[in-house]
Structure formats: structure tokens, C-alpha cells
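J.: Sharing run_25.txt, compact mmCIF, N, CA and C atoms:
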```
# COMPACT_ATOMS: atom_id res chain seq x y z
N MET A 1 5.79 10.26 6.46
CA MET A 1 6.94 9.41 6.18
C MET A 1 6.48 8.02 5.72
N ALA A 2 5.41 7.54 6.32
CA ALA A 2 4.92 6.21 5.95
C ALA A 2 4.42 6.20 4.50
N PHE A 3 3.78 7.30 4.08
CA PHE A 3 3.29 7.37 2.70
C PHE A 3 4.46 7.37 1.72
N LEU A 4 5.51 8.11 2.04
CA LEU A 4 6.69 8.14 1.18
C LEU A 4 7.34 6.77 1.10
N LYS A 5 7.44 6.09 2.23
CA LYS A 5 8.04 4.76 2.27
C LYS A 5 7.25 3.77 1.40
N TYR A 6 5.94 3.81 1.52
CA TYR A 6 5.10 2.90 0.73
C TYR A 6 5.19 3.25 -0.76
N SER A 7 5.24 4.53 -1.08
CA SER A 7 5.37 4.94 -2.48
C SER A 7 6.69 4.47 -3.07
N LEU A 8 7.75 4.56 -2.29
CA LEU A 8 9.06 4.10 -2.77
C LEU A 8 9.08 2.58 -2.97
N ILE A 9 8.40 1.85 -2.12
CA ILE A 9 8.29 0.40 -2.30
C ILE A 9 7.58 0.10 -3.61
N ARG A 10 6.49 0.79 -3.86
CA ARG A 10 5.74 0.57 -5.11
C ARG A 10 6.58 0.93 -6.32
N LEU A 11 7.32 2.02 -6.23
CA LEU A 11 8.19 2.43 -7.33
C LEU A 11 9.31 1.41 -7.55
N ALA A 12 9.86 0.90 -6.45
CA ALA A 12 10.93 -0.11 -6.55
C ALA A 12 10.41 -1.41 -7.17
N LEU A 13 9.14 -1.69 -7.03
CA LEU A 13 8.55 -2.85 -7.69
C LEU A 13 8.26 -2.55 -9.16
N PHE A 14 7.78 -1.36 -9.43
CA PHE A 14 7.36 -1.00 -10.79
C PHE A 14 8.53 -0.93 -11.77
N VAL A 15 9.61 -0.26 -11.40
CA VAL A 15 10.72 0.00 -12.33
C VAL A 15 11.32 -1.28 -12.90
N PRO A 16 11.71 -2.27 -12.09
CA PRO A 16 12.29 -3.48 -12.70
C PRO A 16 11.27 -4.27 -13.53
N LEU A 17 10.02 -4.27 -13.09
CA LEU A 17 9.00 -4.96 -13.88
C LEU A 17 8.80 -4.27 -15.22
N PHE A 18 8.78 -2.95 -15.21
CA PHE A 18 8.66 -2.20 -16.45
C PHE A 18 9.84 -2.49 -17.38
N ALA A 19 11.05 -2.47 -16.82
CA ALA A 19 12.24 -2.76 -17.62
C ALA A 19 12.17 -4.18 -18.20
N LEU A 20 11.70 -5.12 -17.41
CA LEU A 20 11.57 -6.50 -17.89
C LEU A 20 10.59 -6.58 -19.05
N PHE A 21 9.44 -5.93 -18.93
CA PHE A 21 8.44 -6.00 -19.99
C PHE A 21 8.88 -5.26 -21.25
N VAL A 22 9.63 -4.18 -21.09
CA VAL A 22 10.18 -3.50 -22.26
C VAL A 22 11.22 -4.41 -22.93
N TYR A 23 12.04 -5.07 -22.12
CA TYR A 23 13.03 -6.01 -22.65
C TYR A 23 12.36 -7.16 -23.41
N LEU A 24 11.20 -7.60 -22.91
CA LEU A 24 10.45 -8.66 -23.58
C LEU A 24 9.66 -8.15 -24.78
N GLN A 25 9.82 -6.87 -25.11
CA GLN A 25 9.22 -6.22 -26.28
C GLN A 25 7.70 -6.28 -26.28
N LEU A 26 7.11 -5.96 -25.12
CA LEU A 26 5.65 -5.90 -25.04
C LEU A 26 5.11 -4.58 -25.58
N GLY A 27 5.96 -3.61 -25.77
CA GLY A 27 5.52 -2.27 -26.15
C GLY A 27 5.41 -1.42 -24.90
N TRP A 28 5.54 -0.10 -25.11
CA TRP A 28 5.59 0.80 -23.96
C TRP A 28 4.29 0.81 -23.17
N LEU A 29 3.18 0.94 -23.85
CA LEU A 29 1.90 1.04 -23.15
C LEU A 29 1.57 -0.25 -22.40
N LEU A 30 1.74 -1.38 -23.06
CA LEU A 30 1.45 -2.65 -22.41
C LEU A 30 2.44 -2.91 -21.26
N ALA A 31 3.69 -2.49 -21.43
CA ALA A 31 4.68 -2.65 -20.36
C ALA A 31 4.28 -1.83 -19.13
N VAL A 32 3.81 -0.60 -19.36
CA VAL A 32 3.37 0.25 -18.24
C VAL A 32 2.17 -0.38 -17.54
N LEU A 33 1.20 -0.83 -18.32
CA LEU A 33 0.00 -1.42 -17.72
C LEU A 33 0.32 -2.70 -16.94
N CYS A 34 1.10 -3.57 -17.53
CA CYS A 34 1.43 -4.84 -16.85
C CYS A 34 2.28 -4.60 -15.61
N ALA A 35 3.28 -3.74 -15.71
CA ALA A 35 4.13 -3.45 -14.56
C ALA A 35 3.33 -2.78 -13.45
N GLY A 36 2.43 -1.88 -13.82
CA GLY A 36 1.59 -1.22 -12.81
C GLY A 36 0.67 -2.19 -12.10
N MET A 37 0.04 -3.07 -12.86
CA MET A 37 -0.86 -4.05 -12.24
C MET A 37 -0.09 -5.03 -11.36
N MET A 38 1.06 -5.47 -11.81
CA MET A 38 1.83 -6.43 -11.01
C MET A 38 2.40 -5.76 -9.75
N ALA A 39 2.88 -4.52 -9.88
CA ALA A 39 3.39 -3.80 -8.71
C ALA A 39 2.27 -3.58 -7.69
N PHE A 40 1.08 -3.25 -8.19
CA PHE A 40 -0.07 -3.09 -7.30
C PHE A 40 -0.39 -4.40 -6.58
N ALA A 41 -0.45 -5.49 -7.34
CA ALA A 41 -0.81 -6.79 -6.75
C ALA A 41 0.22 -7.24 -5.71
N ILE A 42 1.49 -7.10 -6.03
CA ILE A 42 2.55 -7.52 -5.10
C ILE A 42 2.51 -6.67 -3.83
N SER A 43 2.39 -5.36 -4.00
CA SER A 43 2.36 -4.48 -2.82
C SER A 43 1.09 -4.72 -2.00
N TYR A 44 -0.01 -5.02 -2.66
CA TYR A 44 -1.26 -5.28 -1.94
C TYR A 44 -1.17 -6.57 -1.12
N LEU A 45 -0.52 -7.58 -1.68
CA LEU A 45 -0.44 -8.87 -1.00
C LEU A 45 0.63 -8.92 0.09
N PHE A 46 1.78 -8.29 -0.14
CA PHE A 46 2.92 -8.49 0.74
C PHE A 46 3.31 -7.29 1.60
N PHE A 47 2.71 -6.13 1.37
CA PHE A 47 3.10 -4.94 2.13
C PHE A 47 1.89 -4.30 2.82
N GLN A 48 1.09 -5.12 3.48
CA GLN A 48 -0.12 -4.63 4.12
C GLN A 48 0.20 -3.67 5.27
N LYS A 49 1.21 -3.96 6.06
CA LYS A 49 1.57 -3.10 7.19
C LYS A 49 1.95 -1.69 6.71
N GLN A 50 2.76 -1.62 5.66
CA GLN A 50 3.18 -0.33 5.13
C GLN A 50 2.00 0.41 4.49
N ARG A 51 1.12 -0.34 3.81
CA ARG A 51 -0.05 0.26 3.19
C ARG A 51 -0.98 0.84 4.25
N ASP A 52 -1.20 0.10 5.33
CA ASP A 52 -2.07 0.58 6.40
C ASP A 52 -1.49 1.82 7.08
N ALA A 53 -0.17 1.84 7.26
CA ALA A 53 0.47 3.02 7.86
C ALA A 53 0.34 4.23 6.94
N ALA A 54 0.51 4.03 5.64
CA ALA A 54 0.37 5.13 4.69
C ALA A 54 -1.07 5.64 4.67
N THR A 55 -2.02 4.73 4.71
CA THR A 55 -3.43 5.12 4.73
C THR A 55 -3.77 5.90 5.99
N ALA A 56 -3.25 5.45 7.13
CA ALA A 56 -3.49 6.16 8.39
C ALA A 56 -2.89 7.56 8.35
N THR A 57 -1.72 7.69 7.76
CA THR A 57 -1.08 9.00 7.65
C THR A 57 -1.93 9.94 6.80
N LEU A 58 -2.41 9.45 5.67
CA LEU A 58 -3.27 10.29 4.82
C LEU A 58 -4.58 10.63 5.51
N HIS A 59 -5.16 9.67 6.20
CA HIS A 59 -6.41 9.93 6.91
C HIS A 59 -6.23 11.00 7.98
N ASP A 60 -5.17 10.90 8.74
CA ASP A 60 -4.91 11.90 9.78
C ASP A 60 -4.67 13.28 9.18
N ARG A 61 -3.93 13.33 8.08
CA ARG A 61 -3.59 14.60 7.47
C ARG A 61 -4.85 15.31 6.94
N PHE A 62 -5.75 14.57 6.31
CA PHE A 62 -6.90 15.20 5.68
C PHE A 62 -8.15 15.22 6.55
N SER A 63 -8.12 14.62 7.71
CA SER A 63 -9.29 14.63 8.59
C SER A 63 -9.33 15.88 9.46
N GLY A 64 -8.26 16.63 9.50
CA GLY A 64 -8.22 17.84 10.31
C GLY A 64 -7.76 17.60 11.73
N LYS A 65 -7.36 16.39 12.07
CA LYS A 65 -6.91 16.08 13.42
C LYS A 65 -5.47 16.54 13.67
N VAL A 66 -4.68 16.60 12.62
CA VAL A 66 -3.28 16.96 12.76
C VAL A 66 -3.13 18.47 12.65
N LYS A 67 -2.28 19.01 13.46
CA LYS A 67 -2.00 20.44 13.43
C LYS A 67 -1.39 20.79 12.07
N PRO A 68 -1.83 21.86 11.43
CA PRO A 68 -1.29 22.19 10.11
C PRO A 68 0.19 22.56 10.19
N ARG A 69 0.90 22.21 9.15
CA ARG A 69 2.33 22.53 9.10
C ARG A 69 2.51 23.97 8.68
N ARG A 70 3.53 24.60 9.25
CA ARG A 70 3.80 25.99 8.92
C ARG A 70 5.16 26.08 8.26
N SER A 71 5.28 26.98 7.30
CA SER A 71 6.55 27.17 6.61
C SER A 71 7.51 27.93 7.53
N MET A 72 8.77 27.94 7.15
CA MET A 72 9.78 28.65 7.95
C MET A 72 9.46 30.15 8.02
N GLY A 73 8.94 30.70 6.94
CA GLY A 73 8.56 32.12 6.93
C GLY A 73 7.43 32.41 7.89
N GLU A 74 6.44 31.52 7.94
CA GLU A 74 5.32 31.70 8.87
C GLU A 74 5.79 31.60 10.31
N VAL A 75 6.69 30.69 10.59
CA VAL A 75 7.22 30.54 11.95
C VAL A 75 8.02 31.78 12.34
N ALA A 76 8.84 32.28 11.41
CA ALA A 76 9.64 33.48 11.70
C ALA A 76 8.73 34.68 11.93
N ASP A 77 7.68 34.82 11.13
CA ASP A 77 6.74 35.93 11.33
C ASP A 77 6.04 35.84 12.69
N ALA A 78 5.62 34.65 13.05
CA ALA A 78 4.94 34.46 14.34
C ALA A 78 5.89 34.76 15.50
N ASP A 79 7.15 34.34 15.37
CA ASP A 79 8.13 34.62 16.43
C ASP A 79 8.39 36.12 16.55
N ALA A 80 8.51 36.80 15.42
CA ALA A 80 8.74 38.25 15.45
C ALA A 80 7.54 38.97 16.07
N GLU A 81 6.36 38.52 15.72
CA GLU A 81 5.15 39.12 16.29
C GLU A 81 5.08 38.88 17.80
N ASP A 82 5.44 37.69 18.23
CA ASP A 82 5.43 37.38 19.67
C ASP A 82 6.44 38.25 20.42
N ARG A 83 7.64 38.44 19.84
CA ARG A 83 8.64 39.29 20.48
C ARG A 83 8.16 40.74 20.57
N LEU A 84 7.51 41.21 19.51
CA LEU A 84 6.99 42.58 19.50
C LEU A 84 5.92 42.77 20.57
N VAL A 85 5.02 41.83 20.68
CA VAL A 85 3.95 41.93 21.68
C VAL A 85 4.53 41.82 23.09
N ASP A 86 5.50 40.94 23.29
CA ASP A 86 6.11 40.81 24.61
C ASP A 86 6.87 42.07 25.01
N ALA A 87 7.54 42.71 24.05
CA ALA A 87 8.32 43.91 24.35
C ALA A 87 7.43 45.14 24.53
N ASN A 88 6.25 45.14 23.92
CA ASN A 88 5.34 46.28 23.98
C ASN A 88 3.94 45.81 24.38
N PRO A 89 3.66 45.70 25.66
CA PRO A 89 2.37 45.17 26.10
C PRO A 89 1.19 46.07 25.73
N ASP A 90 1.44 47.33 25.38
CA ASP A 90 0.34 48.22 25.01
C ASP A 90 -0.13 48.02 23.56
N ILE A 91 0.60 47.23 22.77
CA ILE A 91 0.22 46.94 21.39
C ILE A 91 -0.73 45.76 21.37
N THR A 92 -1.80 45.90 20.61
CA THR A 92 -2.72 44.77 20.43
C THR A 92 -2.63 44.33 18.97
N VAL A 93 -2.77 43.04 18.77
CA VAL A 93 -2.67 42.48 17.42
C VAL A 93 -4.06 42.01 17.02
N GLN A 94 -4.50 42.52 15.88
CA GLN A 94 -5.78 42.09 15.35
C GLN A 94 -5.53 41.16 14.17
N ARG A 95 -6.41 40.19 14.03
CA ARG A 95 -6.29 39.27 12.90
C ARG A 95 -6.56 40.01 11.61
N ASP A 96 -5.88 39.58 10.57
CA ASP A 96 -6.13 40.17 9.25
C ASP A 96 -7.54 39.82 8.81
N LYS A 97 -8.24 40.80 8.38
CA LYS A 97 -9.60 40.60 7.89
C LYS A 97 -9.61 40.89 6.40
N PRO A 98 -10.40 40.15 5.65
CA PRO A 98 -10.47 40.44 4.23
C PRO A 98 -11.05 41.83 4.00
N ARG A 99 -10.49 42.52 3.01
CA ARG A 99 -10.99 43.86 2.72
C ARG A 99 -12.29 43.77 1.97
N LYS A 100 -13.19 44.65 2.33
CA LYS A 100 -14.46 44.74 1.62
C LYS A 100 -14.33 45.80 0.55
N ASP A 101 -14.46 45.38 -0.68
CA ASP A 101 -14.42 46.36 -1.76
C ASP A 101 -15.79 46.98 -1.91
N SER A 102 -15.84 48.30 -1.73
CA SER A 102 -17.14 48.97 -1.81
C SER A 102 -17.20 49.93 -2.95
```
Since I need it in another form, could you write the structure as C-alpha cells?
T.:
Amino acid sequence: MAFLKYSLIRLALFVPLFALFVYLQLGWLLAVLCAGMMAFAISYLFFQKQRDAATATLHDRFSGKVKPRRSMGEVADADAEDRLVDANPDITVQRDKPRKDS
């Protein structure tokens, strides 16, 4: 959520600056470059707390410390498997193993 919030702040800075530079007839490419650099500078100077939170979120996500997210289908499959095992204690579940092509 912190990454999304910081991204929206950067976008909210970029869009009006881009519109201003296009209005000033700088050209599309120069308007994109100037608006991008100014949005970066403003967000870097004034939104340190949000930037740090976004960085921490990304670090946690890619460091392997956070439990992986599961889709609704994966959760439903796991619940069905748990109900099956609970209802039939004589059934054992083996992990899927990759097939060896011989």
C-alpha cells in the first residue's frame, strides 16, 4: 500500500508539470523529461517518509521475509484439500513432483 501511495504522489506531481510544459510549448519529449526530473526532485525532497515506507515495503516483499500471497483459487484448493484430509484420515497427500521424461 505504501508503494502505491508513493507512486500516486509522484504521478500527481508529474501530470500537472507535464501539462504545464506542454502548454509552454517545450515539445513532448522535453516536457516529459523536465516534468519527470522535477517530480523526482520534489518527491525526493518533500516526501521522504512516504519514500522510505515504499522502499521498506519493496525490501520486505523481495527479501523473502513476507509470506507469499495466494490467489483465491489457491486458497480454495487448499481448503478443499484440508476438508478431504480431515474427512478421510486414511488418505495421504503427496506433494506434486515434476515428471521425469524418460
J.: Could you check how far CA of Ala41 (chain A) sits from CA of Val22 (chain A), in Å to one decimal?
T.: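 Computed distance, CA of Ala41 (chain A) to CA of Val22 (chain A), equals 19.3 Å.
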J.: Which one is closest to Ala19 (chain A): A:Lys49, A:Asp77, A:Cys34, A:Leu58? Count only C-alpha atoms.
T.: A:Cys34
J.: Can you tell me, as a ChimeraX atom specification, which residues in chain A count as helix (DSSP H, G or I) by DSSP?
T.: /A:2-23,28-46,48-63,72-87
J.: Provide the atom C of Ala35 (chain A) to atom C of Asp52 (chain A) distance in Å, to one decimal place.
T.: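 Calculated distance between atom C of Ala35 (chain A) and atom C of Asp52 (chain A) is 21.6 Å.
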J.: List the spatial neighbours of Phe21 (chain A) as a list in words - criterion: any atom at most 8 Å away, only N, CA and C atoms, same-chain residues fewer than 3 positions off excluded.
T.: Val15, Pro16, Leu17, Phe18, Leu24, Gln25, Leu26, Gly27, Trp28, Leu30, Ala31, Val32, Cys34 and Ala35 of chain A
J.: Figure out the distance between atom C of Gln50 (chain A) and CA of Tyr6 (chain A), please, to one decimal in Å.
T.: 5.5 Å
J.: Just need the box for region 43-49 of chain A, edges along x, y and z, holding every atom the file lists for it with 6 Å tacked onto each side, so centre and edge lengths in Å to one decimal, as AutoDock Vina command-line options.
T.:
```
--center_x 1.0 --center_y -5.3 --center_z 1.6 --size_x 16.6 --size_y 19.2 --size_z 23.2
```
J.: I want to know what sits within 12 Å of Ile42 (chain A), based on only C-alpha atoms, with residues of the same chain fewer than 2 positions away left out; could you give that as a ChimeraX atom specification?
T.: /A:9-14,17,35-40,44-48,51
J.: Can you pull out the residues contacting Thr57 (chain A)? Cut-off 8 Å, using all atoms listed in the file, and skip same-chain residues under 4 positions away; I want them as a PyMOL selection string.
T.: chain A and resi 1-3+51-53+61-63
